[in-house]
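Next comes model25.txt, a file with compact mmCIF, C-alpha atoms (C1' of nucleotides).
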```txt
# COMPACT_ATOMS: atom_id res chain seq x y z
CA MET A 1 133.21 116.53 76.40
CA ILE A 2 135.77 115.22 78.85
CA ILE A 3 136.22 117.09 82.13
CA LYS A 4 139.43 116.32 83.94
CA CYS A 5 138.93 116.52 87.66
CA ASN A 6 140.04 114.73 90.77
CA ASN A 7 137.55 114.64 93.64
CA LEU A 8 134.60 114.06 91.32
CA ASN A 9 132.73 110.81 91.87
CA ILE A 10 129.41 110.55 90.07
CA LYS A 11 127.89 107.95 92.34
CA GLN A 12 128.86 109.86 95.46
CA ILE A 13 127.32 113.08 94.22
CA ALA A 14 124.19 111.27 93.06
CA ASP A 15 123.80 109.73 96.51
CA SER A 16 124.79 112.80 98.51
CA GLY A 17 121.25 114.14 98.96
CA GLN A 18 121.92 117.56 97.44
CA THR A 19 120.25 116.78 94.11
CA PHE A 20 117.37 114.52 93.12
CA ARG A 21 117.89 114.52 89.36
CA TRP A 22 120.90 112.25 88.90
CA TYR A 23 119.52 108.97 87.63
CA GLU A 24 121.54 105.75 87.74
CA ARG A 25 121.28 103.75 84.51
CA LYS A 26 123.07 100.66 83.21
CA ASP A 27 126.61 101.90 82.53
CA HIS A 28 126.20 105.64 83.10
CA TYR A 29 124.13 108.31 84.83
CA VAL A 30 121.59 110.67 83.32
CA VAL A 31 121.75 114.14 84.84
CA VAL A 32 118.99 116.70 84.30
CA ALA A 33 120.03 120.29 84.98
CA ASN A 34 120.78 123.53 83.17
CA HIS A 35 117.76 122.94 80.88
CA ARG A 36 119.48 119.85 79.49
CA ALA A 37 119.56 116.10 80.02
CA VAL A 38 123.02 114.58 79.63
CA SER A 39 124.64 111.21 79.85
CA MET A 40 127.56 111.19 82.29
CA THR A 41 130.24 108.51 82.61
CA GLN A 42 132.91 108.10 85.26
CA LEU A 43 136.55 108.13 84.19
CA SER A 44 139.55 107.46 86.38
CA ASP A 45 140.58 111.11 86.33
CA GLY A 46 137.27 112.85 85.63
CA ILE A 47 134.06 112.36 83.70
CA GLU A 48 132.75 112.26 80.15
CA LEU A 49 129.59 114.11 79.09
CA ASP A 50 127.68 113.90 75.81
CA ASP A 51 127.32 117.68 75.78
CA GLU A 52 129.79 120.46 74.98
CA ASN A 53 128.25 123.35 76.88
CA SER A 54 130.63 124.95 79.34
CA ILE A 55 127.82 125.49 81.87
CA TRP A 56 128.56 122.02 83.22
CA LYS A 57 131.94 123.12 84.53
CA HIS A 58 130.25 125.76 86.61
CA TYR A 59 127.45 123.39 87.67
CA LEU A 60 130.05 120.87 88.85
CA ASP A 61 132.08 123.58 90.60
CA ILE A 62 135.16 122.46 88.67
CA ASP A 63 137.27 125.53 89.43
CA ARG A 64 137.18 124.96 93.18
CA ASP A 65 140.00 122.97 94.78
CA TYR A 66 138.26 120.45 97.03
CA ASN A 67 141.55 118.81 97.85
CA ALA A 68 142.71 122.04 99.46
CA ILE A 69 139.48 122.27 101.44
CA MET A 70 139.90 118.72 102.73
CA THR A 71 143.52 119.48 103.59
CA HIS A 72 142.26 122.40 105.66
CA TYR A 73 140.20 120.02 107.84
CA LYS A 74 142.64 117.11 107.80
CA GLY A 75 143.54 116.00 111.31
CA LYS A 76 140.80 118.03 113.00
CA ASP A 77 139.08 114.90 114.28
CA ASP A 78 138.92 111.22 113.36
CA PHE A 79 135.29 111.17 112.28
CA LEU A 80 135.64 114.06 109.82
CA ASP A 81 138.85 112.51 108.49
CA ALA A 82 137.01 109.24 107.85
CA ALA A 83 134.08 111.10 106.30
CA MET A 84 136.36 113.00 103.89
CA ASP A 85 138.12 109.80 102.96
CA TYR A 86 134.81 108.07 102.31
CA GLY A 87 133.24 110.90 100.28
CA SER A 88 136.26 112.51 98.67
CA GLY A 89 134.49 112.62 95.29
CA ILE A 90 131.65 114.83 96.51
CA ARG A 91 131.34 118.36 95.18
CA ILE A 92 128.77 121.04 95.97
CA LEU A 93 126.78 121.61 92.78
CA ASN A 94 125.70 125.05 91.62
CA GLN A 95 122.00 124.36 91.22
CA ASP A 96 119.03 126.44 90.12
CA PRO A 97 117.51 128.42 93.02
CA PHE A 98 113.85 127.83 92.16
CA GLU A 99 114.29 124.08 91.68
CA THR A 100 116.31 123.87 94.89
CA ILE A 101 113.66 125.76 96.84
CA MET A 102 110.85 123.54 95.60
CA THR A 103 112.68 120.25 96.07
CA PHE A 104 113.85 121.09 99.58
CA ILE A 105 110.38 122.21 100.60
CA ILE A 106 109.36 118.70 99.55
CA SER A 107 112.28 117.24 101.52
CA ALA A 108 110.92 118.27 104.92
CA ASN A 109 110.13 115.26 107.11
CA ASN A 110 110.45 113.06 104.02
CA ASN A 111 112.81 110.45 102.62
CA ILE A 112 115.12 110.66 99.62
CA LYS A 113 113.36 108.02 97.55
CA ARG A 114 110.00 109.74 97.81
CA ILE A 115 111.50 113.21 97.27
CA THR A 116 113.04 111.87 94.06
CA SER A 117 109.74 110.47 92.83
CA SER A 118 107.89 113.71 93.60
CA VAL A 119 110.46 115.84 91.77
CA LEU A 120 110.21 113.49 88.79
CA ALA A 121 106.41 113.76 88.80
CA LEU A 122 106.54 117.57 88.90
CA SER A 123 108.98 117.61 85.98
CA ASN A 124 107.12 115.06 83.86
CA ASN A 125 103.74 116.70 84.48
CA PHE A 126 104.64 120.37 84.09
CA GLY A 127 108.18 120.77 82.71
CA THR A 128 109.52 121.20 79.18
CA TYR A 129 110.45 118.06 77.24
CA LEU A 130 114.22 117.83 76.82
CA LYS A 131 115.37 114.53 75.39
CA THR A 132 114.81 110.79 75.16
CA ILE A 133 117.67 108.57 76.30
CA ASP A 134 117.41 104.78 75.99
CA GLY A 135 113.67 105.08 75.58
CA VAL A 136 113.12 107.26 78.64
CA ASP A 137 111.76 110.80 78.20
CA TYR A 138 113.39 113.47 80.35
CA TYR A 139 111.71 116.76 81.25
CA ASP A 140 113.13 119.96 82.68
CA PHE A 141 112.09 121.04 86.15
CA PRO A 142 109.15 123.42 85.58
CA THR A 143 109.54 127.20 85.78
CA PRO A 144 107.37 129.33 88.08
CA GLU A 145 105.48 130.45 84.98
CA GLN A 146 104.74 126.84 84.02
CA LEU A 147 103.37 126.26 87.53
CA ARG A 148 101.26 129.43 87.59
CA GLU A 149 97.93 127.64 87.08
CA VAL A 150 98.80 124.46 88.97
CA SER A 151 96.39 123.96 91.86
CA VAL A 152 97.14 122.79 95.38
CA GLU A 153 95.41 119.53 94.49
CA SER A 154 97.59 119.03 91.40
CA PHE A 155 100.68 119.45 93.53
CA ARG A 156 99.23 116.90 95.94
CA ASN A 157 98.83 114.46 93.07
CA CYS A 158 102.63 114.51 92.61
CA GLY A 159 102.93 112.76 95.97
CA VAL A 160 104.15 115.75 97.98
CA GLY A 161 101.62 115.27 100.76
CA TYR A 162 100.80 118.20 103.05
CA ARG A 163 103.60 120.26 101.46
CA ASP A 164 101.26 120.93 98.51
CA LYS A 165 100.12 124.28 99.88
CA TYR A 166 103.69 125.42 100.50
CA LEU A 167 104.65 124.69 96.88
CA TYR A 168 101.60 126.52 95.62
CA GLY A 169 102.26 129.53 97.84
CA CYS A 170 105.93 129.60 96.89
CA VAL A 171 105.13 129.74 93.17
CA GLN A 172 102.62 132.53 93.69
CA ASP A 173 104.97 134.53 95.92
CA ILE A 174 107.70 134.34 93.27
CA LEU A 175 105.34 135.30 90.45
CA ASN A 176 104.04 138.19 92.55
CA LYS A 177 107.60 139.35 93.31
CA LYS A 178 107.27 138.90 97.03
CA ILE A 179 110.76 137.48 96.59
CA ASP A 180 113.20 137.94 93.68
CA LEU A 181 115.48 134.91 93.43
CA GLU A 182 117.99 136.81 91.29
CA ALA A 183 118.10 140.03 93.30
CA ILE A 184 118.69 138.28 96.62
CA LYS A 185 122.05 137.04 95.34
CA SER A 186 123.51 140.36 96.54
CA LEU A 187 122.41 139.81 100.14
CA SER A 188 124.68 138.64 102.92
CA ASP A 189 124.43 135.02 104.02
CA ILE A 190 122.23 135.89 106.99
CA GLU A 191 119.98 138.24 105.02
CA LEU A 192 119.67 135.69 102.22
CA ARG A 193 118.62 133.00 104.68
CA GLN A 194 116.07 135.33 106.26
CA ALA A 195 114.65 136.31 102.87
CA LEU A 196 114.11 132.65 101.97
CA MET A 197 112.50 131.92 105.33
CA ARG A 198 109.74 134.40 104.55
CA LEU A 199 108.33 131.70 102.27
CA LYS A 200 105.96 129.20 103.90
CA GLY A 201 107.54 125.77 104.05
CA ILE A 202 111.08 127.12 104.38
CA GLY A 203 112.50 127.00 107.88
CA GLU A 204 116.09 127.22 108.98
CA LYS A 205 117.17 123.79 107.73
CA VAL A 206 115.66 124.12 104.25
CA ALA A 207 116.98 127.68 103.96
CA ASN A 208 120.47 126.40 104.72
CA CYS A 209 120.13 123.78 101.98
CA VAL A 210 119.10 126.46 99.49
CA ILE A 211 121.88 128.92 100.32
CA LEU A 212 124.41 126.08 100.16
CA PHE A 213 123.20 124.18 97.08
CA ALA A 214 121.91 127.09 94.97
CA TYR A 215 123.79 130.18 96.17
CA ALA A 216 127.18 128.63 97.01
CA ARG A 217 127.13 129.99 100.56
CA TYR A 218 129.27 127.67 102.61
CA GLU A 219 128.07 129.15 105.87
CA GLY A 220 124.90 127.15 105.26
CA PHE A 221 125.09 124.08 107.52
CA PRO A 222 121.84 122.11 107.25
CA VAL A 223 121.10 120.19 110.46
CA ASP A 224 118.70 117.33 109.73
CA THR A 225 117.98 114.09 111.57
CA TRP A 226 121.13 112.41 110.22
CA ILE A 227 123.42 115.29 111.14
CA LYS A 228 121.82 115.45 114.59
CA LYS A 229 122.70 111.79 114.97
CA VAL A 230 126.30 112.43 113.89
CA LEU A 231 126.65 115.42 116.22
CA SER A 232 125.25 113.41 119.10
CA GLU A 233 127.19 110.20 118.58
CA HIS A 234 130.54 111.57 117.42
CA TYR A 235 130.80 115.10 118.80
CA GLY A 236 128.79 114.84 122.02
CA ILE A 237 126.49 117.67 120.94
CA GLU A 238 122.87 117.22 122.03
CA LYS A 239 121.62 120.80 121.77
CA ASP A 240 122.74 124.23 120.58
CA HIS A 241 123.93 122.60 117.35
CA LYS A 242 124.09 125.95 115.62
CA ILE A 243 126.59 127.49 118.00
CA PHE A 244 128.86 124.45 117.76
CA VAL A 245 128.84 123.91 114.01
CA GLU A 246 129.24 127.59 113.14
CA SER A 247 132.51 127.81 114.99
CA TYR A 248 133.90 124.29 114.74
CA PHE A 249 133.42 123.70 111.00
CA LYS A 250 134.10 127.13 109.55
CA PRO A 251 134.94 128.44 107.04
CA TYR A 252 133.60 125.69 104.72
CA GLY A 253 130.92 124.38 107.07
CA GLY A 254 128.49 123.45 104.32
CA ILE A 255 131.08 121.36 102.52
CA ALA A 256 132.17 119.64 105.73
CA GLN A 257 128.51 118.99 106.41
CA GLN A 258 128.14 117.15 103.10
CA TYR A 259 130.97 114.79 103.98
CA LEU A 260 129.43 114.18 107.40
CA PHE A 261 125.95 113.62 105.98
CA PHE A 262 127.15 111.22 103.30
CA TYR A 263 129.32 109.24 105.71
CA GLY A 264 126.82 109.28 108.57
CA ARG A 265 124.00 107.98 106.40
CA ARG A 266 125.94 105.12 104.77
C1' DT B 1 102.06 97.77 113.80
C1' DA B 2 104.65 101.51 115.12
C1' DC B 3 108.24 104.27 113.66
C1' DC B 4 111.01 106.95 110.46
C1' DA B 5 112.32 110.11 106.67
C1' DG B 6 117.63 116.04 104.53
C1' DG B 7 111.17 119.88 109.25
C1' DC B 8 107.70 123.07 109.33
C1' DA B 9 103.78 126.07 110.91
C1' DA B 10 100.59 126.69 114.34
C1' DC B 11 99.56 126.39 118.82
C1' DT B 12 100.37 126.31 124.05
C1' DT B 13 102.71 127.50 128.10
C1' DA C 1 110.93 132.87 124.30
C1' DA C 2 110.65 128.12 124.50
C1' DG C 3 108.38 123.79 124.16
C1' DT C 4 104.68 120.74 121.98
C1' DT C 5 101.78 118.84 118.30
C1' DG C 6 99.84 117.51 113.78
C1' DC C 7 101.05 116.50 109.39
C1' DA C 8 100.79 113.00 103.87
C1' DT C 9 102.93 109.15 102.40
C1' DG C 10 105.69 105.09 101.42
C1' DG C 11 109.21 102.10 103.37
C1' DT C 12 110.85 98.98 106.99
```
Would you encode the structure as structure tokens?
Amino acid sequence: MIIKCNNLNIKQIADSGQTFRWYERKDHYVVVANHRAVSMTQLSDGIELDDENSIWKHYLDIDRDYNAIMTHYKGKDDFLDAAMDYGSGIRILNQDPFETIMTFIISANNNIKRITSSVLALSNNFGTYLKTIDGVDYYDFPTPEQLREVSVESFRNCGVGYRDKYLYGCVQDILNKKIDLEAIKSLSDIELRQALMRLKGIGEKVANCVILFAYARYEGFPVDTWIKKVLSEHYGIEKDHKIFVESYFKPYGGIAQQYLFFYGRR
DNA sequence: TACCAGGCAACTT
DNA sequence: AAGTTGCATGGT
């Protein structure tokens, strides 16, 4: 399947820190999502996928006009202009809430390489086999049900460190309906964030990642160490980040944040 | 060797 | 309410 789309750069999305399941291979990428593993190739005016399912258009947020969003911010300040120019192929993916919750719990005080390896270990150890591509087996991210009997120690063995107990508790809380990841879709941005923060291991930053990357809430503006550095060095903001970013970058703060993160971390 | 990485919960003041 | 501290682990 060929998807025509400007503002879609595979490498930029893979390196943007919103997903940890885009794998760079020789002349293409392998993307694991939507209970599938696909081969994705960059074209000059879009991408080619070896899969016909229309879910990928939603996953890649194809119907949203990112050019219009960038136009909205154009000229606001030099740093954001440069960031949008540098990362103009980034899109905000529509990812699975459970997978996003688990991977961003792992992300806390961690680095992208190790997050990626932990997510791979969780999938290979506990997820459903999907496909073999060029001799590599790909597994789906496990469901809560598949993780029901997984112990704190088994999580630890995936390299997640002290976050093991948070992952375990999160799975149990979902299975026990302390939180319903489908039902909370109807909540407001603020209520949704608060609902997620009831889970151990999810603070304000991780909750913002989840509402942005899994619930398409662009009010979510994750402030991590890189964004703090950007705000400090280029906007003169040392504290009260929240107050500044919520007014300055609205109404697509989360999208602007992705450009800033990607450019600031280069 | 110390410091850092898409922070958080628990504790202290 | 606001500030401080410990935390697994691999990379630099």
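Every chain A residue lying within 6 Å of chain B, based on only C-alpha atoms (C1' of nucleotides), is listed here: A:Ala108, A:Asn109, A:Asn110, A:Asn111, A:Gly201, A:Asp224.
Here atom CA of Asp180 of chain A is placed at a distance of 20.2 Å from atom CA of His35 of chain A.
Among A:Asn7, A:Val31, A:Gly236, A:Ile115, the residue with the shortest atom-to-atom distance to Ile62 of chain A, counting only C-alpha atoms, is A:Asn7.
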Could you please select, counting all atoms listed in the file, the residues of chain C within 12 Å of chain A and state them as a VMD selection string? chain C and resid 6 to 11
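Rounded to one decimal, atom CA of Pro142 of chain A and atom CA of Lys205 of chain A lie 23.6 Å from each other.
Here the question is which of A:Val150, A:Val171, A:Ile133, A:Cys158 gets nearest to Leu120 of chain A using all atoms listed in the file, and that residue is A:Cys158.
Straight-line separation from atom CA of Gly127 of chain A to atom CA of Leu147 of chain A: 8.7 Å.
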Write out as a PyMOL selection string the residues lying within 12 Å of Asn176 of chain A, counting only C-alpha atoms (C1' of nucleotides) and excluding same-chain residues fewer than 5 positions away. chain A and resi 144-145+148+169-171+181
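Proximity to segment 22-29 of chain A at 8 Å, evaluated using all atoms listed in the file and with sequence-adjacent residues fewer than 5 positions away removed, yields Ile10, Ala14, Ser39, Met40, Thr41 and Gln42 of chain A.
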Kindly save the residues from that selection, with C-alpha atoms included, as a PDB file, in the coordinates of the input.
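Saved the output as selection_2.pdb:
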```pdb
ATOM      1  CA  ILE A  10     129.410 110.550  90.070  1.00  0.00           C
ATOM      2  CA  ALA A  14     124.190 111.270  93.060  1.00  0.00           C
ATOM      3  CA  SER A  39     124.640 111.210  79.850  1.00  0.00           C
ATOM      4  CA  MET A  40     127.560 111.190  82.290  1.00  0.00           C
ATOM      5  CA  THR A  41     130.240 108.510  82.610  1.00  0.00           C
ATOM      6  CA  GLN A  42     132.910 108.100  85.260  1.00  0.00           C
TER       7      GLN A  42
END
```
Atoms are missing here; could segment 56-67 of chain A be completed with all heavy atoms and written as a PDB file, in the frame of the given file?
```pdb
ATOM      1  N   TRP A  56     128.368 123.172  82.329  1.00  0.00           N
ATOM      2  CA  TRP A  56     128.560 122.020  83.220  1.00  0.00           C
ATOM      3  C   TRP A  56     129.763 122.177  84.133  1.00  0.00           C
ATOM      4  O   TRP A  56     129.788 121.643  85.248  1.00  0.00           O
ATOM      5  CB  TRP A  56     128.677 120.734  82.393  1.00  0.00           C
ATOM      6  CG  TRP A  56     127.390 120.429  81.698  1.00  0.00           C
ATOM      7  CD1 TRP A  56     127.110 120.603  80.374  1.00  0.00           C
ATOM      8  CD2 TRP A  56     126.179 119.957  82.301  1.00  0.00           C
ATOM      9  NE1 TRP A  56     125.795 120.264  80.113  1.00  0.00           N
ATOM     10  CE2 TRP A  56     125.210 119.856  81.275  1.00  0.00           C
ATOM     11  CE3 TRP A  56     125.825 119.599  83.610  1.00  0.00           C
ATOM     12  CZ2 TRP A  56     123.902 119.427  81.522  1.00  0.00           C
ATOM     13  CZ3 TRP A  56     124.529 119.165  83.850  1.00  0.00           C
ATOM     14  CH2 TRP A  56     123.584 119.085  82.819  1.00  0.00           C
ATOM     15  N   LYS A  57     130.769 122.902  83.669  1.00  0.00           N
ATOM     16  CA  LYS A  57     131.940 123.120  84.530  1.00  0.00           C
ATOM     17  C   LYS A  57     131.566 123.968  85.732  1.00  0.00           C
ATOM     18  O   LYS A  57     132.033 123.722  86.848  1.00  0.00           O
ATOM     19  CB  LYS A  57     133.073 123.759  83.733  1.00  0.00           C
ATOM     20  CG  LYS A  57     133.658 122.810  82.696  1.00  0.00           C
ATOM     21  CD  LYS A  57     134.857 123.412  81.989  1.00  0.00           C
ATOM     22  CE  LYS A  57     135.430 122.411  80.986  1.00  0.00           C
ATOM     23  NZ  LYS A  57     136.538 122.978  80.199  1.00  0.00           N
ATOM     24  N   HIS A  58     130.727 124.951  85.484  1.00  0.00           N
ATOM     25  CA  HIS A  58     130.250 125.760  86.610  1.00  0.00           C
ATOM     26  C   HIS A  58     129.336 124.951  87.507  1.00  0.00           C
ATOM     27  O   HIS A  58     129.466 124.971  88.738  1.00  0.00           O
ATOM     28  CB  HIS A  58     129.526 127.009  86.097  1.00  0.00           C
ATOM     29  CG  HIS A  58     128.908 127.820  87.192  1.00  0.00           C
ATOM     30  ND1 HIS A  58     127.543 127.876  87.396  1.00  0.00           N
ATOM     31  CD2 HIS A  58     129.475 128.568  88.168  1.00  0.00           C
ATOM     32  CE1 HIS A  58     127.308 128.641  88.451  1.00  0.00           C
ATOM     33  NE2 HIS A  58     128.446 129.065  88.935  1.00  0.00           N
ATOM     34  N   TYR A  59     128.404 124.229  86.912  1.00  0.00           N
ATOM     35  CA  TYR A  59     127.450 123.390  87.670  1.00  0.00           C
ATOM     36  C   TYR A  59     128.196 122.421  88.597  1.00  0.00           C
ATOM     37  O   TYR A  59     127.810 122.229  89.750  1.00  0.00           O
ATOM     38  CB  TYR A  59     126.577 122.637  86.678  1.00  0.00           C
ATOM     39  CG  TYR A  59     125.646 121.609  87.274  1.00  0.00           C
ATOM     40  CD1 TYR A  59     124.511 121.976  87.992  1.00  0.00           C
ATOM     41  CD2 TYR A  59     125.886 120.239  87.098  1.00  0.00           C
ATOM     42  CE1 TYR A  59     123.648 121.024  88.517  1.00  0.00           C
ATOM     43  CE2 TYR A  59     125.034 119.288  87.618  1.00  0.00           C
ATOM     44  CZ  TYR A  59     123.916 119.683  88.332  1.00  0.00           C
ATOM     45  OH  TYR A  59     123.077 118.729  88.851  1.00  0.00           O
ATOM     46  N   LEU A  60     129.278 121.855  88.074  1.00  0.00           N
ATOM     47  CA  LEU A  60     130.050 120.870  88.850  1.00  0.00           C
ATOM     48  C   LEU A  60     131.118 121.506  89.733  1.00  0.00           C
ATOM     49  O   LEU A  60     131.874 120.803  90.402  1.00  0.00           O
ATOM     50  CB  LEU A  60     130.699 119.862  87.897  1.00  0.00           C
ATOM     51  CG  LEU A  60     129.713 118.967  87.131  1.00  0.00           C
ATOM     52  CD1 LEU A  60     130.393 118.310  85.936  1.00  0.00           C
ATOM     53  CD2 LEU A  60     129.119 117.904  88.056  1.00  0.00           C
ATOM     54  N   ASP A  61     131.168 122.841  89.719  1.00  0.00           N
ATOM     55  CA  ASP A  61     132.080 123.580  90.600  1.00  0.00           C
ATOM     56  C   ASP A  61     133.537 123.189  90.349  1.00  0.00           C
ATOM     57  O   ASP A  61     134.335 123.063  91.294  1.00  0.00           O
ATOM     58  CB  ASP A  61     131.700 123.312  92.071  1.00  0.00           C
ATOM     59  CG  ASP A  61     132.091 124.464  92.989  1.00  0.00           C
ATOM     60  OD1 ASP A  61     132.219 125.605  92.493  1.00  0.00           O
ATOM     61  OD2 ASP A  61     132.256 124.223  94.204  1.00  0.00           O
ATOM     62  N   ILE A  62     133.865 123.011  89.051  1.00  0.00           N
ATOM     63  CA  ILE A  62     135.160 122.460  88.670  1.00  0.00           C
ATOM     64  C   ILE A  62     136.342 123.337  89.102  1.00  0.00           C
ATOM     65  O   ILE A  62     137.415 122.828  89.423  1.00  0.00           O
ATOM     66  CB  ILE A  62     135.213 122.227  87.142  1.00  0.00           C
ATOM     67  CG1 ILE A  62     134.227 121.123  86.747  1.00  0.00           C
ATOM     68  CG2 ILE A  62     136.626 121.872  86.678  1.00  0.00           C
ATOM     69  CD1 ILE A  62     134.474 119.792  87.410  1.00  0.00           C
ATOM     70  N   ASP A  63     136.145 124.639  89.130  1.00  0.00           N
ATOM     71  CA  ASP A  63     137.270 125.530  89.430  1.00  0.00           C
ATOM     72  C   ASP A  63     137.652 125.579  90.911  1.00  0.00           C
ATOM     73  O   ASP A  63     138.642 126.207  91.269  1.00  0.00           O
ATOM     74  CB  ASP A  63     136.966 126.959  88.939  1.00  0.00           C
ATOM     75  CG  ASP A  63     136.995 127.035  87.420  1.00  0.00           C
ATOM     76  OD1 ASP A  63     137.632 126.154  86.789  1.00  0.00           O
ATOM     77  OD2 ASP A  63     136.379 127.964  86.864  1.00  0.00           O
ATOM     78  N   ARG A  64     136.848 124.931  91.760  1.00  0.00           N
ATOM     79  CA  ARG A  64     137.180 124.960  93.180  1.00  0.00           C
ATOM     80  C   ARG A  64     138.060 123.768  93.548  1.00  0.00           C
ATOM     81  O   ARG A  64     137.841 122.658  93.077  1.00  0.00           O
ATOM     82  CB  ARG A  64     135.903 124.947  94.037  1.00  0.00           C
ATOM     83  CG  ARG A  64     136.145 125.336  95.498  1.00  0.00           C
ATOM     84  CD  ARG A  64     134.830 125.431  96.264  1.00  0.00           C
ATOM     85  NE  ARG A  64     133.846 126.203  95.534  1.00  0.00           N
ATOM     86  CZ  ARG A  64     133.796 127.530  95.500  1.00  0.00           C
ATOM     87  NH1 ARG A  64     134.674 128.234  96.170  1.00  0.00           N
ATOM     88  NH2 ARG A  64     132.876 128.148  94.792  1.00  0.00           N
ATOM     89  N   ASP A  65     139.043 124.010  94.382  1.00  0.00           N
ATOM     90  CA  ASP A  65     140.000 122.970  94.780  1.00  0.00           C
ATOM     91  C   ASP A  65     139.516 122.270  96.054  1.00  0.00           C
ATOM     92  O   ASP A  65     139.799 122.713  97.167  1.00  0.00           O
ATOM     93  CB  ASP A  65     141.379 123.617  95.006  1.00  0.00           C
ATOM     94  CG  ASP A  65     142.456 122.575  95.298  1.00  0.00           C
ATOM     95  OD1 ASP A  65     142.107 121.398  95.509  1.00  0.00           O
ATOM     96  OD2 ASP A  65     143.634 122.954  95.312  1.00  0.00           O
ATOM     97  N   TYR A  66     138.803 121.174  95.867  1.00  0.00           N
ATOM     98  CA  TYR A  66     138.260 120.450  97.030  1.00  0.00           C
ATOM     99  C   TYR A  66     139.359 119.752  97.817  1.00  0.00           C
ATOM    100  O   TYR A  66     139.222 119.527  99.023  1.00  0.00           O
ATOM    101  CB  TYR A  66     137.174 119.472  96.581  1.00  0.00           C
ATOM    102  CG  TYR A  66     135.864 120.162  96.332  1.00  0.00           C
ATOM    103  CD1 TYR A  66     135.673 120.945  95.188  1.00  0.00           C
ATOM    104  CD2 TYR A  66     134.818 120.085  97.238  1.00  0.00           C
ATOM    105  CE1 TYR A  66     134.486 121.623  94.963  1.00  0.00           C
ATOM    106  CE2 TYR A  66     133.618 120.749  97.014  1.00  0.00           C
ATOM    107  CZ  TYR A  66     133.462 121.510  95.878  1.00  0.00           C
ATOM    108  OH  TYR A  66     132.282 122.185  95.668  1.00  0.00           O
ATOM    109  N   ASN A  67     140.442 119.425  97.141  1.00  0.00           N
ATOM    110  CA  ASN A  67     141.550 118.810  97.850  1.00  0.00           C
ATOM    111  C   ASN A  67     142.131 119.766  98.888  1.00  0.00           C
ATOM    112  O   ASN A  67     142.465 119.375 100.008  1.00  0.00           O
ATOM    113  CB  ASN A  67     142.624 118.379  96.850  1.00  0.00           C
ATOM    114  CG  ASN A  67     143.396 117.171  97.330  1.00  0.00           C
ATOM    115  OD1 ASN A  67     142.804 116.227  97.851  1.00  0.00           O
ATOM    116  ND2 ASN A  67     144.715 117.221  97.203  1.00  0.00           N
TER     117      ASN A  67
END
```
